[in-house]
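Structure first, commentary second.
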Amino acid sequence: MSAISLIARDELRLMRRNRVAVTAVVLLLVLTLVAVVTSWTHQQGIAETRAKHQSEANHAFEAQPDRHPHRVVHYGHFIFRPLGPLAAFDPGVDAFTGNNMFLEGHRQNTANFGDVRQSSLLVRFGQLTPAFVLQSVAPLLLIFLGYGAVARETERGTLRPLMVQGASARDIVLGKLGALWLVAVLVGLPAMIGFVLISGQPGALAGPMAIIALAYAAYLLLWVVVITLVSMLVRRRRDALLALLAIWAVTVVLLPRVAPDIAARAYPLSNRLQTDVAIARDLRRIGDSHNPDDPHFAAFKAAVLKRYGVTRVEDLPVNYKGLLALEGEAMTSRLFDSYAKRDFAAQASQNALVAGVGLLSPTIALRQASMAAAGTDFAGHRRFLEQAERYRYDLVQRLNRLQADAVSYADDTAKDAGADRRKRIGAANWQRMPEFAFRQPDAETLVGASLPGLAVVFGWLAAAGLALVVATRRLGAK
């Protein structure tokens with residue numbers, strides 16, 4: 001048996017004799033299994049609830065009676081964001097961004113009802129998911145198991161006798177490293193099994209799954225290398241433990257919590273009230289369809305009359321009020337999109353700053369890679385917002401087109417007792433409106449989005465591995 005295997009077996013034997021260590025490993029395994037089960041059931045419950053509410057919203061919209069199309073525009077419609085199959089492993093920002101939207105004419109609403117607004121503050125720290133356990137809890141357990149791997153030999157004076165007996169510094173380090181890596185595999189195995197079970201459902205993509213598995217394996221290996229390296233550089237076990245706990249506190253707890261606050265201060269976002277006021281100001285500037293003297297809509301009226309070859313709106317073959325609604329919605333939507341793009345740009349700058357901090361914290365980089373591959377990062381939320389806005393605009397313009405084509409201008413402007421009844425069109429028109437269907441991104445998109453974070457984790461691993469090689473050579477020269 002090689003010296004590396006003997007040293008690894010001896011290290012595992014010492015860990016096995018440590019009742020506290022064994023208990024901690026068992027508790028972490030139980031915690032991981034609980035996280036898998038609770039996360040799975042929670043996400044299944046969320047998916048079922050959202051699907052139920054979406055079905056009810058669709059039914060309520062289609063069940064409207066005969067109405068004027070513009071009343072349906074203001075009646076609005078609710079849509080809910082469905083989660084991808086990997087969200088049970090890493091729900092990402094879903095708890096913070098909201099999960100449903102109310103769609104209506106002349107307004108671009110935000111997503112509402114994020115879990116963090118309806119739950120305790122513990123949700124802000126981290127939900128009990130397999131991703132959270134591997135990101136935060138598993139490294140802490142590995143620290144308590146491996147902080148004394150090499151420092152113990154130095155402190156007791158047994159390092160030199162091991163070398164005299166024929167074990168090289170390389171053999172000693174690889175043996176310690178291998179033992180701790182086996183524990184890391186044991187710790188991560190239940191989460192990975194749960195990950196496979198969670199993602200073994202329709203819609204799961206092999207590419208993102210492979211990226212997530214690779215990222216977490218590299219992350220745990222990084223901690224194994226860092227723990228062994230610090231244990232080599234520090235002569236006393238107590239000092240090694242304190243140093244590793246400080247590294248864990250800064251990279252796993254402090255930086256991931258502080259980085260978003262720094263980004264929010266560096267690139268502040270306008271609140272909803274400020275945005276609404278600014279939009280109302282811009283709407284007054286660009287045109288008011290209710291003002292007959294408004295320059296834009298006066299020019300629009302002249303262009304419409306010229307296009308149809310008539311001199312009065314009453315002589316148009318279509319309802320001029322419907323055409324006004326079509327033009328007004330197009331104008332307001334362009335304005336809404338411009339403000340949305342500003343917010344997206346600011347949020348992209350915030351995320352870029354957080355990614356920069358991720359160069360100092362592999363945990364941040366891992367989270368970004370994990371969320372991106374699972375489709376639960378901000379880009380996933382933005383996809384929902386953009387698809388929702390396209391659906392809203394298409395739905396409202398379909399209704400406005402119905403007003404232009406199916407309601408006469410004479411009836412639309414009439415004030416007599418029967419005018420309201422003549423303005424209405426059949427309820428079958430609402431039933432023919434397309435339902436909202438969120439399109440999940442393909443594997444190539446998810447993998448591409450996760451590569452920057454994965455590259456940072458591997459960069460950390462390469463740097464730590466290089467430092468370990470240098471430290472091993474120095475250990476052999478002592």
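Each chain of the structure tokens is named A, B, ... in the order shown, its residues numbered from 1; ligands are numbered from 1 in display order.
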
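The environment of segment 21-38 of chain A within 7 Å, counting only C-alpha atoms and disregarding residues fewer than 3 places along the same chain, consists of Met15, Arg16, Asn18, Thr41, His42, Leu128, Thr129, Pro130, Val133, Leu145, Val187, Pro190, Ala191 and Gly194 of chain A.
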
May I have the residues from that selection written out with C-alpha atoms, as an mmCIF file, in the first residue's frame?
data_model
loop_
_atom_site.group_PDB
_atom_site.id
_atom_site.type_symbol
_atom_site.label_atom_id
_atom_site.label_comp_id
_atom_site.auth_asym_id
_atom_site.auth_seq_id
_atom_site.Cartn_x
_atom_site.Cartn_y
_atom_site.Cartn_z
ATOM 1 C CA MET A 15 -11.813 11.633 12.043
ATOM 2 C CA ARG A 16 -13.853 8.522 12.747
ATOM 3 C CA ASN A 18 -13.742 12.040 16.817
ATOM 4 C CA THR A 41 -42.127 19.769 -1.790
ATOM 5 C CA HIS A 42 -42.001 23.570 -1.465
ATOM 6 C CA LEU A 128 -32.995 25.701 3.272
ATOM 7 C CA THR A 129 -32.152 24.251 -0.127
ATOM 8 C CA PRO A 130 -29.479 21.796 -1.281
ATOM 9 C CA VAL A 133 -26.299 23.643 2.346
ATOM 10 C CA LEU A 145 -12.797 18.261 10.221
ATOM 11 C CA VAL A 187 -21.081 15.358 2.319
ATOM 12 C CA PRO A 190 -26.853 13.313 -0.859
ATOM 13 C CA ALA A 191 -27.299 16.779 -2.345
ATOM 14 C CA GLY A 194 -31.306 14.873 -4.617
#

Any idea what's packed within 7 Å of Val93 of chain A, counting only C-alpha atoms, ignoring anything in its chain fewer than 4 positions away? Could you give it as a tab-separated table (two decimals) with C-alpha atoms, in the first residue's frame?
chain	number	residue	atom	x	y	z
A	97	THR	CA	-38.52	39.33	-7.31
A	376	THR	CA	-33.33	31.44	-11.45
A	377	ASP	CA	-30.97	34.42	-11.66
A	378	PHE	CA	-31.90	37.99	-12.51

Practice task
Enumerate the residues of segment 81-264 of chain A with a DSSP assignment of alpha helix (DSSP H), computed from the backbone, and present them as a ChimeraX atom specification.
Solution key: /A:94-97,122-125,130-132,138-146,151-156,159-164,169-199,206-233,237-248,255-264

Problem - Distance criterion (only C-alpha atoms): nearest to Ala63 of chain A out of A:Gly426, A:Gly157, A:Pro268, A:Pro91 - result: A:Gly426

Exercise for the section: Considering only C-alpha atoms, state which residue in the set A:Leu283, A:Val150, A:Ile143, A:Ile425 is at the smallest distance from Ile227 of chain A. Expected result: A:Ile143

Practice task
Could you tell me how far atom CA of Ala355 of chain A lies from atom CA of Pro452 of chain A, in Å and to one decimal?
Solution key: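 Computing it gives 8.9 Å between the two atoms.
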
Practice task
Could you give me, as a ChimeraX atom specification, each residue of segment 10-176 of chain A that DSSP assigns to strand (DSSP E) when run on this structure's backbone?
Solution key: /A:77-80,100-103

Dump as a short mmCIF file (atom, residue, chain, number, x, y, z; two decimals), in the first residue's frame, selection limited to N, CA and C atoms:
data_model
loop_
_atom_site.label_atom_id
_atom_site.label_comp_id
_atom_site.auth_asym_id
_atom_site.auth_seq_id
_atom_site.Cartn_x
_atom_site.Cartn_y
_atom_site.Cartn_z
N HIS A 77 -55.55 41.43 -16.74
CA HIS A 77 -55.35 39.98 -16.69
C HIS A 77 -54.15 39.69 -15.79
N PHE A 78 -54.22 38.61 -15.03
CA PHE A 78 -53.12 38.18 -14.18
C PHE A 78 -52.34 37.06 -14.87
N ILE A 79 -51.02 37.11 -14.76
CA ILE A 79 -50.18 36.00 -15.22
C ILE A 79 -49.20 35.64 -14.12
N PHE A 80 -48.77 34.38 -14.11
CA PHE A 80 -47.86 33.88 -13.07
C PHE A 80 -46.64 33.27 -13.73
N ASN A 100 -45.94 37.10 -9.86
CA ASN A 100 -47.09 37.32 -10.74
C ASN A 100 -47.18 38.79 -11.11
N MET A 101 -47.90 39.06 -12.18
CA MET A 101 -48.06 40.42 -12.68
C MET A 101 -49.51 40.65 -13.08
N PHE A 102 -49.94 41.88 -12.90
CA PHE A 102 -51.25 42.29 -13.39
C PHE A 102 -51.04 43.10 -14.66
N LEU A 103 -51.62 42.61 -15.76
CA LEU A 103 -51.44 43.24 -17.05
C LEU A 103 -52.67 44.07 -17.39
#

Problem - Nearest candidate to Lys176 of chain A (options A:Leu395, A:Val224, A:Ala95, A:Ala266; using only C-alpha atoms) - result: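 Going through A:Leu395, A:Val224, A:Ala95, A:Ala266 one by one, the smallest distance to Lys176 of chain A is for A:Val224.
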
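For the pair atom CA of Glu104 of chain A and atom CA of Arg432 of chain A, the interatomic distance is 17.7 Å.
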
Problem - Neighbour list for segment 228-239 of chain A as a PyMOL selection string, cut-off 7 Å, only C-alpha atoms, skip fewer than 2 positions in-chain - result: chain A and resi 146-152+154-155+177+224-226+241-243+468

Could you save those same residues with C-alpha atoms as an mmCIF file, in the first residue's frame?
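Once written, selection.cif looks like this:
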data_model
loop_
_atom_site.group_PDB
_atom_site.id
_atom_site.type_symbol
_atom_site.label_atom_id
_atom_site.label_comp_id
_atom_site.auth_asym_id
_atom_site.auth_seq_id
_atom_site.Cartn_x
_atom_site.Cartn_y
_atom_site.Cartn_z
ATOM 1 C CA GLY A 146 -9.616 19.284 8.437
ATOM 2 C CA TYR A 147 -8.181 22.368 10.107
ATOM 3 C CA GLY A 148 -5.612 20.283 11.960
ATOM 4 C CA ALA A 149 -4.693 17.909 9.151
ATOM 5 C CA VAL A 150 -1.091 19.113 8.793
ATOM 6 C CA ALA A 151 -0.906 21.572 11.680
ATOM 7 C CA ARG A 152 -1.472 18.672 14.062
ATOM 8 C CA THR A 154 3.682 20.103 13.050
ATOM 9 C CA GLU A 155 2.398 20.896 16.528
ATOM 10 C CA LEU A 177 -5.984 16.066 0.940
ATOM 11 C CA VAL A 224 -10.489 21.046 0.695
ATOM 12 C CA VAL A 225 -7.373 22.591 -0.878
ATOM 13 C CA VAL A 226 -7.678 25.837 1.101
ATOM 14 C CA LEU A 241 -9.044 27.025 12.914
ATOM 15 C CA LEU A 242 -9.305 30.753 13.585
ATOM 16 C CA ALA A 243 -7.830 31.624 10.194
ATOM 17 C CA LEU A 468 -0.504 24.245 -2.291
#

Practice task
Name all residues at most 12 Å from segment 343-349 of chain A (count only C-alpha atoms; drop same-chain ones fewer than 4 positions away) and give them as a ChimeraX atom specification.
Solution key: /A:110,260,262-272,275,336-339,353-356,377-379,381-383,385-386

Got time to write the residues from that selection, C-alpha atoms, as a compact mmCIF listing (two decimals), in the first residue's frame?
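This went into out.txt:
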# COMPACT_ATOMS: atom_id res chain seq x y z
CA THR A 110 -44.01 45.14 -11.80
CA PRO A 260 -25.58 43.76 -3.06
CA ILE A 262 -22.69 48.26 -2.15
CA ALA A 263 -24.06 47.73 -5.66
CA ALA A 264 -27.41 49.28 -4.72
CA ARG A 265 -25.66 52.40 -3.43
CA ALA A 266 -23.33 52.62 -6.41
CA TYR A 267 -26.14 52.23 -8.96
CA PRO A 268 -29.39 53.32 -7.27
CA LEU A 269 -32.73 52.49 -8.85
CA SER A 270 -35.69 54.84 -9.03
CA ASN A 271 -38.60 53.76 -6.85
CA ARG A 272 -42.05 53.15 -8.28
CA THR A 275 -40.88 56.32 -12.12
CA PHE A 336 -42.46 52.15 -20.74
CA ASP A 337 -39.83 50.13 -22.57
CA SER A 338 -37.35 53.01 -22.42
CA TYR A 339 -37.74 53.26 -18.63
CA LEU A 353 -20.28 45.01 -9.48
CA VAL A 354 -21.38 41.99 -7.44
CA ALA A 355 -19.63 39.75 -9.96
CA GLY A 356 -16.50 41.84 -9.43
CA ASP A 377 -30.97 34.42 -11.66
CA PHE A 378 -31.90 37.99 -12.51
CA ALA A 379 -31.62 37.21 -16.22
CA HIS A 381 -36.54 37.15 -13.99
CA ARG A 382 -35.88 39.64 -16.78
CA ARG A 383 -36.95 37.04 -19.36
CA LEU A 385 -40.74 40.53 -17.43
CA GLU A 386 -39.94 40.95 -21.12

Problem - Spatial neighbours of segment 207-218 of chain A, 8 Å, only C-alpha atoms, chain gap at least 3 places, as a ChimeraX atom specification - result: /A:134,192,199,204,221-222,366,369-370,373-374,443-444,446-447,450,454,457-458,461

Problem - Length of the atom CA of Gln397 of chain A to atom CA of Tyr320 of chain A vector [Å] - result: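 It comes out at 14.3 Å.
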
Handout entry: Minimum-distance residue to Leu180 of chain A, chosen among A:Pro139, A:Pro434, A:Gly380, A:Gly105 (using only C-alpha atoms)
Key =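 The shortest atom-to-atom distance to Leu180 of chain A comes from A:Pro139.
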
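Distances to Ile364 of chain A were evaluated for A:Val173, A:Val250, A:Ala427, A:Ala280 using only C-alpha atoms, and the minimum falls at A:Val250.
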